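Structure data follow from protein_2.cif (mmCIF, C-alpha atoms):
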data_final
loop_
_atom_site.label_atom_id
_atom_site.label_comp_id
_atom_site.auth_asym_id
_atom_site.auth_seq_id
_atom_site.Cartn_x
_atom_site.Cartn_y
_atom_site.Cartn_z
CA MET A 1 53.81 -29.44 265.46
CA ALA A 2 55.95 -30.83 268.26
CA THR A 3 59.65 -30.15 267.88
CA PRO A 4 62.20 -33.01 268.14
CA HIS A 5 63.37 -31.57 271.48
CA ARG A 6 59.81 -31.54 272.81
CA LYS A 7 59.20 -35.11 271.61
CA GLU A 8 62.41 -36.25 273.29
CA ALA A 9 61.44 -34.46 276.52
CA THR A 10 58.01 -36.12 276.40
CA ARG A 11 59.59 -39.53 275.87
CA ARG A 12 61.99 -39.03 278.78
CA GLY A 13 59.16 -37.81 280.98
CA ALA A 14 57.11 -40.90 280.19
CA ALA A 15 60.10 -43.11 280.96
CA ARG A 16 60.65 -41.38 284.31
CA ALA A 17 56.96 -41.73 285.16
CA SER A 18 57.11 -45.42 284.30
CA ARG A 19 60.11 -45.91 286.59
CA VAL A 20 58.38 -44.03 289.42
CA VAL A 21 55.30 -46.24 289.14
CA ARG A 22 57.50 -49.33 289.04
CA ASP A 23 59.49 -48.19 292.09
CA GLU A 24 56.29 -47.45 294.04
CA THR A 25 54.95 -50.89 293.11
CA VAL A 26 58.12 -52.56 294.38
CA GLU A 27 57.97 -50.59 297.65
CA LYS A 28 54.34 -51.62 298.18
CA GLN A 29 55.14 -55.27 297.44
CA ILE A 30 57.96 -55.27 300.00
CA ALA A 31 55.79 -53.48 302.58
CA ASP A 32 53.02 -56.04 302.10
CA ALA A 33 55.49 -58.89 302.32
CA VAL A 34 57.07 -57.87 305.63
CA GLN A 35 53.88 -57.59 307.70
CA PRO A 36 54.59 -58.98 311.21
CA THR A 37 53.89 -62.68 311.73
CA ASN A 38 54.67 -65.33 314.36
CA ASP A 39 53.73 -68.24 312.14
CA LYS A 40 56.70 -70.21 310.77
CA ASN A 41 54.82 -71.03 307.59
CA GLY A 42 53.87 -67.39 307.30
CA LEU A 43 57.50 -66.37 307.74
CA GLN A 44 58.56 -68.71 304.95
CA GLU A 45 55.87 -67.22 302.74
CA VAL A 46 57.16 -63.73 303.54
CA LEU A 47 60.72 -64.73 302.58
CA THR A 48 59.47 -66.26 299.34
CA LYS A 49 57.61 -63.07 298.47
CA ILE A 50 60.66 -60.91 299.21
CA GLN A 51 62.82 -63.14 297.05
CA ALA A 52 60.34 -62.83 294.18
CA VAL A 53 60.26 -59.04 294.54
CA LEU A 54 64.05 -58.82 294.55
CA GLU A 55 64.29 -60.99 291.45
CA ALA A 56 61.72 -58.83 289.65
CA THR A 57 63.65 -55.71 290.69
CA ARG A 58 66.89 -57.20 289.40
CA GLU A 59 65.30 -57.92 286.02
CA SER A 60 63.98 -54.35 285.85
CA VAL A 61 67.43 -52.92 286.57
CA LEU A 62 69.06 -55.13 283.93
CA GLU A 63 66.40 -54.10 281.42
CA LEU A 64 67.05 -50.43 282.18
CA VAL A 65 70.83 -50.86 281.77
CA ARG A 66 70.39 -52.65 278.43
CA SER A 67 67.98 -49.97 277.25
CA ARG A 68 70.37 -47.14 278.13
CA GLU A 69 73.30 -48.89 276.44
CA ALA A 70 71.22 -49.50 273.31
CA SER A 71 70.04 -45.87 273.23
CA ALA A 72 73.59 -44.54 273.59
CA ALA A 73 74.79 -46.85 270.83
CA ASP A 74 71.92 -45.79 268.56
CA VAL A 75 72.96 -42.14 268.92
CA GLN A 76 76.52 -43.06 267.99
CA MET A 77 75.26 -45.18 265.10
CA ARG A 78 73.31 -42.26 263.61
CA SER A 79 76.46 -40.14 263.67
CA ILE A 80 78.34 -42.58 261.42
CA PRO A 81 77.50 -42.31 257.70
CA ASP A 82 76.90 -45.53 255.78
CA ALA A 83 80.23 -45.07 254.02
CA GLY A 84 81.86 -45.58 257.41
CA PHE A 85 80.81 -49.21 257.24
CA LEU A 86 82.55 -49.96 253.95
CA PRO A 87 85.91 -51.46 254.92
CA ARG A 88 88.58 -51.61 252.25
CA GLU A 89 91.37 -53.43 254.06
CA GLY A 90 90.78 -56.61 252.05
CA LEU A 91 91.47 -57.53 248.45
CA ARG A 92 90.58 -54.62 246.18
CA ARG A 93 88.19 -56.31 243.75
CA GLN A 94 85.35 -58.79 244.13
CA TRP A 95 86.92 -61.20 241.68
CA GLU A 96 90.01 -61.26 243.90
CA ASP A 97 88.42 -62.00 247.29
CA GLU A 98 85.58 -64.32 246.20
CA PRO A 99 87.68 -67.34 245.11
CA VAL A 100 89.85 -67.01 248.22
CA LEU A 101 86.85 -66.93 250.56
CA LEU A 102 85.05 -69.77 248.78
CA ARG A 103 88.12 -72.00 248.93
CA LEU A 104 88.58 -71.34 252.65
CA ALA A 105 84.88 -71.92 253.29
CA GLN A 106 84.92 -75.18 251.35
CA GLU A 107 87.77 -76.44 253.52
CA THR A 108 85.64 -75.82 256.63
CA GLY A 109 82.37 -77.15 255.18
CA LEU A 110 80.83 -73.68 255.03
CA GLU A 111 80.71 -73.00 251.30
CA ILE A 112 76.92 -72.41 251.18
CA PRO A 113 76.80 -69.74 253.93
CA MET A 114 79.87 -68.07 252.42
CA GLN A 115 78.13 -67.93 249.03
CA ARG A 116 75.21 -66.15 250.71
CA LEU A 117 77.52 -63.69 252.47
CA ILE A 118 79.24 -62.82 249.21
CA ALA A 119 75.92 -62.47 247.37
CA LEU A 120 74.59 -60.02 249.96
CA ARG A 121 77.84 -58.01 249.88
CA ASN A 122 77.71 -57.79 246.09
CA GLU A 123 74.07 -56.70 246.14
CA ARG A 124 74.07 -54.18 249.00
CA TYR A 125 77.68 -53.14 249.60
CA PRO A 126 79.61 -53.65 246.32
CA ALA A 127 82.23 -51.11 247.39
CA SER A 128 82.98 -53.02 250.58
CA HIS A 129 86.10 -55.17 250.67
CA PRO A 130 86.61 -56.33 254.27
CA GLN A 131 89.64 -58.37 255.18
CA TYR A 132 87.68 -60.41 257.73
CA TRP A 133 84.43 -62.37 257.29
CA GLY A 134 82.66 -64.40 259.98
CA ILE A 135 80.39 -67.45 260.16
CA VAL A 136 79.00 -69.04 263.34
CA ASN A 137 78.20 -72.67 262.53
CA PHE A 138 75.35 -73.72 264.83
CA ASP A 139 75.46 -77.23 263.36
CA LEU A 140 78.31 -77.80 265.81
CA HIS A 141 78.08 -78.54 269.55
CA SER A 142 78.85 -75.58 271.80
CA SER A 143 81.94 -77.30 273.18
CA LYS A 144 83.51 -77.09 269.71
CA PRO A 145 85.05 -73.96 268.17
CA ARG A 146 82.29 -72.80 265.83
CA MET A 147 82.83 -69.11 265.11
CA PHE A 148 85.00 -69.07 262.00
CA VAL A 149 86.82 -65.90 261.00
CA PHE A 150 88.11 -65.88 257.43
CA ASP A 151 91.04 -63.64 256.47
CA ALA A 152 90.84 -62.81 252.76
CA VAL A 153 94.34 -61.31 252.76
CA THR A 154 96.42 -63.91 254.61
CA LYS A 155 94.12 -66.68 253.32
CA GLN A 156 93.76 -68.22 256.78
CA VAL A 157 90.85 -69.26 259.00
CA GLU A 158 90.64 -69.12 262.79
CA SER A 159 87.88 -70.77 264.85
CA TYR A 160 86.66 -69.91 268.34
CA LEU A 161 84.16 -71.04 270.97
CA CYS A 162 80.86 -69.16 270.69
CA ALA A 163 77.74 -69.39 272.87
CA HIS A 164 74.15 -69.51 271.67
CA GLY A 165 71.10 -68.17 273.49
CA ARG A 166 69.48 -70.18 276.26
CA GLY A 167 66.22 -69.93 274.35
CA SER A 168 67.75 -71.85 271.44
CA GLU A 169 67.87 -75.20 273.24
CA GLY A 170 64.14 -75.73 273.65
CA GLN A 171 63.42 -78.25 276.42
CA THR A 172 66.96 -79.63 276.56
CA ASP A 173 70.34 -78.46 277.79
CA ASP A 174 72.63 -80.50 275.57
CA GLY A 175 74.83 -77.84 273.97
CA ILE A 176 73.03 -77.95 270.62
CA ALA A 177 71.10 -74.95 269.27
CA ASP A 178 67.85 -76.11 267.67
CA VAL A 179 65.44 -73.20 268.19
CA PHE A 180 65.97 -69.73 266.71
CA SER A 181 63.94 -66.58 267.19
CA ASN A 182 63.94 -62.88 266.37
CA VAL A 183 61.35 -62.12 269.07
CA GLU A 184 62.00 -59.80 272.02
CA GLY A 185 62.41 -61.76 275.24
CA SER A 186 62.99 -65.12 273.52
CA LYS A 187 66.62 -65.24 274.71
CA ALA A 188 67.32 -67.18 271.54
CA SER A 189 69.94 -66.79 268.85
CA SER A 190 68.78 -65.51 265.45
CA LEU A 191 69.93 -66.98 262.17
CA GLY A 192 70.89 -64.74 259.27
CA ILE A 193 73.48 -62.22 258.14
CA TYR A 194 74.62 -59.32 260.33
CA ARG A 195 76.67 -56.23 259.62
CA CYS A 196 79.25 -55.76 262.34
CA ALA A 197 78.89 -52.17 263.47
CA GLU A 198 80.40 -49.94 266.18
CA THR A 199 82.11 -50.95 269.42
CA TYR A 200 81.30 -49.74 272.92
CA GLN A 201 82.26 -50.40 276.54
CA GLY A 202 79.22 -51.88 278.29
CA SER A 203 78.27 -54.00 281.29
CA ASN A 204 79.95 -56.99 279.60
CA GLY A 205 83.12 -55.11 278.72
CA TYR A 206 84.34 -54.37 275.21
CA SER A 207 81.44 -55.23 272.89
CA LEU A 208 80.42 -55.06 269.24
CA LYS A 209 76.99 -53.95 268.03
CA LEU A 210 75.33 -56.00 265.29
CA ASP A 211 72.76 -54.90 262.71
CA GLY A 212 70.56 -57.71 261.41
CA LEU A 213 70.18 -57.47 257.63
CA GLN A 214 67.41 -60.04 257.15
CA GLU A 215 63.88 -60.66 258.39
CA THR A 216 65.17 -63.44 260.64
CA ASN A 217 67.43 -61.09 262.62
CA ASP A 218 66.39 -57.49 261.92
CA ARG A 219 65.60 -56.85 265.61
CA ALA A 220 69.18 -57.51 266.68
CA ARG A 221 69.86 -53.91 267.70
CA SER A 222 66.62 -53.46 269.66
CA ARG A 223 67.24 -56.83 271.36
CA ALA A 224 70.80 -55.70 272.24
CA ILE A 225 72.33 -58.68 270.44
CA VAL A 226 76.07 -57.99 270.51
CA VAL A 227 79.40 -59.77 270.45
CA HIS A 228 81.00 -59.72 273.90
CA GLY A 229 83.05 -61.91 276.20
CA ALA A 230 82.06 -63.96 279.27
CA ASP A 231 83.67 -66.35 281.75
CA TYR A 232 81.25 -69.14 280.83
CA VAL A 233 82.81 -69.39 277.37
CA SER A 234 86.18 -71.11 277.72
CA GLU A 235 87.91 -74.42 277.12
CA TRP A 236 87.98 -74.99 280.89
CA PHE A 237 84.22 -74.53 281.17
CA ALA A 238 83.58 -76.86 278.20
CA GLU A 239 85.83 -79.57 279.64
CA ARG A 240 84.21 -79.40 283.07
CA TYR A 241 80.55 -79.24 282.04
CA GLY A 242 80.58 -80.85 278.61
CA ARG A 243 79.39 -77.61 277.01
CA ILE A 244 79.92 -73.88 277.37
CA GLY A 245 77.38 -71.58 279.00
CA ARG A 246 74.46 -69.95 277.24
CA SER A 247 73.72 -66.29 276.60
CA GLU A 248 70.60 -64.15 276.31
CA GLY A 249 70.84 -64.50 272.53
CA CYS A 250 74.27 -62.93 271.94
CA PRO A 251 77.18 -64.67 270.20
CA VAL A 252 79.36 -64.63 273.32
CA MET A 253 83.06 -65.50 273.15
CA ASP A 254 86.00 -66.31 275.40
CA ARG A 255 87.26 -63.15 277.09
CA GLN A 256 90.82 -64.00 276.08
CA VAL A 257 90.09 -63.66 272.36
CA VAL A 258 87.01 -61.47 272.08
CA ARG A 259 88.85 -58.14 271.71
CA THR A 260 90.94 -59.49 268.84
CA VAL A 261 87.88 -60.79 266.99
CA ILE A 262 85.85 -57.62 267.60
CA ASP A 263 88.66 -55.43 266.26
CA GLN A 264 88.84 -57.62 263.15
CA LEU A 265 85.10 -57.53 262.41
CA LYS A 266 84.05 -54.04 263.54
CA LEU A 267 82.76 -51.31 261.20
CA GLY A 268 81.55 -53.28 258.25
CA SER A 269 82.51 -56.95 258.15
CA LEU A 270 79.66 -59.41 257.60
CA LEU A 271 78.88 -62.14 260.11
CA MET A 272 76.43 -65.00 259.54
CA HIS A 273 74.66 -67.21 262.08
CA TRP A 274 74.20 -70.46 260.15
CA LYS A 275 72.36 -73.74 260.67
CA THR A 276 71.89 -76.24 257.84
CA PRO A 277 68.18 -76.22 256.84
#
Kindly transcribe the structure held in the file into structure tokens.
Amino acid sequence: MATPHRKEATRRGAARASRVVRDETVEKQIADAVQPTNDKNGLQEVLTKIQAVLEATRESVLELVRSREASAADVQMRSIPDAGFLPREGLRRQWEDEPVLLRLAQETGLEIPMQRLIALRNERYPASHPQYWGIVNFDLHSSKPRMFVFDAVTKQVESYLCAHGRGSEGQTDDGIADVFSNVEGSKASSLGIYRCAETYQGSNGYSLKLDGLQETNDRARSRAIVVHGADYVSEWFAERYGRIGRSEGCPVMDRQVVRTVIDQLKLGSLLMHWKTP
């Protein structure tokens, strides 16, 4: 029987072999593309081929970076027992926080998704009493603050700009998310309830891992769907372009507020991506 160390070594060896093959393929494509030519049309064709090769290489590098970040986060995740995701900073009993959260949600038109968040908490994590709860309302245009963070202790709600995935707009680019997917490579947002997990410092800065808790979003971790900040999410961007930018499926926020929100939600709060059926 293969030991875990041997399996891991085999997996790493296969990954290295895959990268070698990919690198050799790229080198061959570039060599083929730069064959000498005096024809202007031929030269343009060569430049087009080189551009295509460079773009493919860029995508491969980004994929490798995302894979390494996800693997590192998975190792950290396995080291944290489930009890580590049971925050108790909120009101001590369910009958104390539920009426507060439902009242706040009703005031923002989000009573139904809040009911579903509470129901899942009561069923799966009855010992969890987070102070902060989150709902992203994809009924709203991306130029509007649509990530709502509910504070069960201070009984207040804050709302923030939040991007959806570029794959969620279908054939249009109008700032409205209409298409949702849990499929790898879809670049779409996924509806459903997430458990906010551990933080890490990645290529997009301070970020928050998400674990999808439903069939509609259970590939969130393998898809590297995380909360992070970006320059294309800001009031300035929305005013200039009529919408904020789009992500690869992540709920991306304004860099000026993302650290505050991540620190509120991390290690156990529930976050829901919602769209009225």
Using all atoms listed in the file, the residue out of A:Ser159, A:Gln44, A:Ser181, A:Ser207 with shortest distance to Ile262 (chain A) is A:Ser207
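Going from CA of Asp151 (chain A) over to CA of Gly109 (chain A), you cover 16.1 Å.
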Polymer residues at most 9 Å from Ile244 (chain A), all atoms listed in the file, same-chain spacing of 3 or more positions, as an NGL selection string: :A and (142-143 or 161-163 or 175 or 232-239 or 241)
Keeping C-alpha atoms for every residue in the selection just given, could you write it to a file as an mmCIF file, in the coordinates of the input?
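Final output, part21.cif:
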data_model
loop_
_atom_site.group_PDB
_atom_site.id
_atom_site.type_symbol
_atom_site.label_atom_id
_atom_site.label_comp_id
_atom_site.auth_asym_id
_atom_site.auth_seq_id
_atom_site.Cartn_x
_atom_site.Cartn_y
_atom_site.Cartn_z
ATOM 1 C CA SER A 142 78.850 -75.580 271.800
ATOM 2 C CA SER A 143 81.940 -77.300 273.180
ATOM 3 C CA LEU A 161 84.160 -71.040 270.970
ATOM 4 C CA CYS A 162 80.860 -69.160 270.690
ATOM 5 C CA ALA A 163 77.740 -69.390 272.870
ATOM 6 C CA GLY A 175 74.830 -77.840 273.970
ATOM 7 C CA TYR A 232 81.250 -69.140 280.830
ATOM 8 C CA VAL A 233 82.810 -69.390 277.370
ATOM 9 C CA SER A 234 86.180 -71.110 277.720
ATOM 10 C CA GLU A 235 87.910 -74.420 277.120
ATOM 11 C CA TRP A 236 87.980 -74.990 280.890
ATOM 12 C CA PHE A 237 84.220 -74.530 281.170
ATOM 13 C CA ALA A 238 83.580 -76.860 278.200
ATOM 14 C CA GLU A 239 85.830 -79.570 279.640
ATOM 15 C CA TYR A 241 80.550 -79.240 282.040
#
Name the residues that the PyMOL selection byres ((chain A and resi 125-141) around 6) pulls out of this structure, and write them as a PDB file with C-alpha atoms, in the frame of the given file.
ATOM      1  CA  LEU A  86      82.550 -49.960 253.950  1.00  0.00           C
ATOM      2  CA  PRO A  87      85.910 -51.460 254.920  1.00  0.00           C
ATOM      3  CA  ARG A  88      88.580 -51.610 252.250  1.00  0.00           C
ATOM      4  CA  GLU A  89      91.370 -53.430 254.060  1.00  0.00           C
ATOM      5  CA  GLY A  90      90.780 -56.610 252.050  1.00  0.00           C
ATOM      6  CA  ARG A 121      77.840 -58.010 249.880  1.00  0.00           C
ATOM      7  CA  ASN A 122      77.710 -57.790 246.090  1.00  0.00           C
ATOM      8  CA  ARG A 124      74.070 -54.180 249.000  1.00  0.00           C
ATOM      9  CA  SER A 142      78.850 -75.580 271.800  1.00  0.00           C
ATOM     10  CA  SER A 143      81.940 -77.300 273.180  1.00  0.00           C
ATOM     11  CA  LYS A 144      83.510 -77.090 269.710  1.00  0.00           C
ATOM     12  CA  ARG A 146      82.290 -72.800 265.830  1.00  0.00           C
ATOM     13  CA  MET A 147      82.830 -69.110 265.110  1.00  0.00           C
ATOM     14  CA  PHE A 148      85.000 -69.070 262.000  1.00  0.00           C
ATOM     15  CA  VAL A 149      86.820 -65.900 261.000  1.00  0.00           C
ATOM     16  CA  PHE A 150      88.110 -65.880 257.430  1.00  0.00           C
ATOM     17  CA  ASP A 151      91.040 -63.640 256.470  1.00  0.00           C
ATOM     18  CA  ALA A 152      90.840 -62.810 252.760  1.00  0.00           C
ATOM     19  CA  GLY A 175      74.830 -77.840 273.970  1.00  0.00           C
ATOM     20  CA  ILE A 176      73.030 -77.950 270.620  1.00  0.00           C
ATOM     21  CA  SER A 269      82.510 -56.950 258.150  1.00  0.00           C
ATOM     22  CA  LEU A 270      79.660 -59.410 257.600  1.00  0.00           C
ATOM     23  CA  LEU A 271      78.880 -62.140 260.110  1.00  0.00           C
ATOM     24  CA  MET A 272      76.430 -65.000 259.540  1.00  0.00           C
ATOM     25  CA  HIS A 273      74.660 -67.210 262.080  1.00  0.00           C
ATOM     26  CA  TRP A 274      74.200 -70.460 260.150  1.00  0.00           C
ATOM     27  CA  LYS A 275      72.360 -73.740 260.670  1.00  0.00           C
TER      28      LYS A 275
END
Between CA of Pro251 (chain A) and CA of Ser190 (chain A), measure the distance and give it in Å to one decimal. 9.7 Å
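Rounded to one decimal, CA of Leu213 (chain A) and CA of Ser189 (chain A) lie 14.6 Å from each other.
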Which residue of A:Asp211, A:Val252, A:Ala230, A:Glu107 approaches Lys155 (chain A) most closely, using only C-alpha atoms: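 Nearest candidate to Lys155 (chain A) out of A:Asp211, A:Val252, A:Ala230, A:Glu107: A:Glu107.
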Just say which residues the PyMOL selection byres ((chain A and resi 114) around 9) picks in this file, as number ranges by chain. A: 101-102, 105-106, 110-113, 115-119, 133-135, 272
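Among the candidate residues A:Gly165, A:Pro277, A:Gly268, A:Gly245, the one lying nearest to Arg195 (chain A) is A:Gly268, with distances computed using only C-alpha atoms.
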Near region 168-171 of chain A, within 6 Å and counting only C-alpha atoms, which residues show up once chain neighbours fewer than 3 positions away are dropped, as a VMD selection string? chain A and resid 165 177 to 180 188
Prev. selection, C-alpha atoms, output as a PDB file, keeping the file's coordinate frame:
ATOM      1  CA  GLY A 165      71.100 -68.170 273.490  1.00  0.00           C
ATOM      2  CA  ALA A 177      71.100 -74.950 269.270  1.00  0.00           C
ATOM      3  CA  ASP A 178      67.850 -76.110 267.670  1.00  0.00           C
ATOM      4  CA  VAL A 179      65.440 -73.200 268.190  1.00  0.00           C
ATOM      5  CA  PHE A 180      65.970 -69.730 266.710  1.00  0.00           C
ATOM      6  CA  ALA A 188      67.320 -67.180 271.540  1.00  0.00           C
TER       7      ALA A 188
END
Test item: the PyMOL selection byres ((chain A and resi 256) around 10) resolved as a PyMOL selection string: chain A and resi 229-231+233-234+253-255+257-260
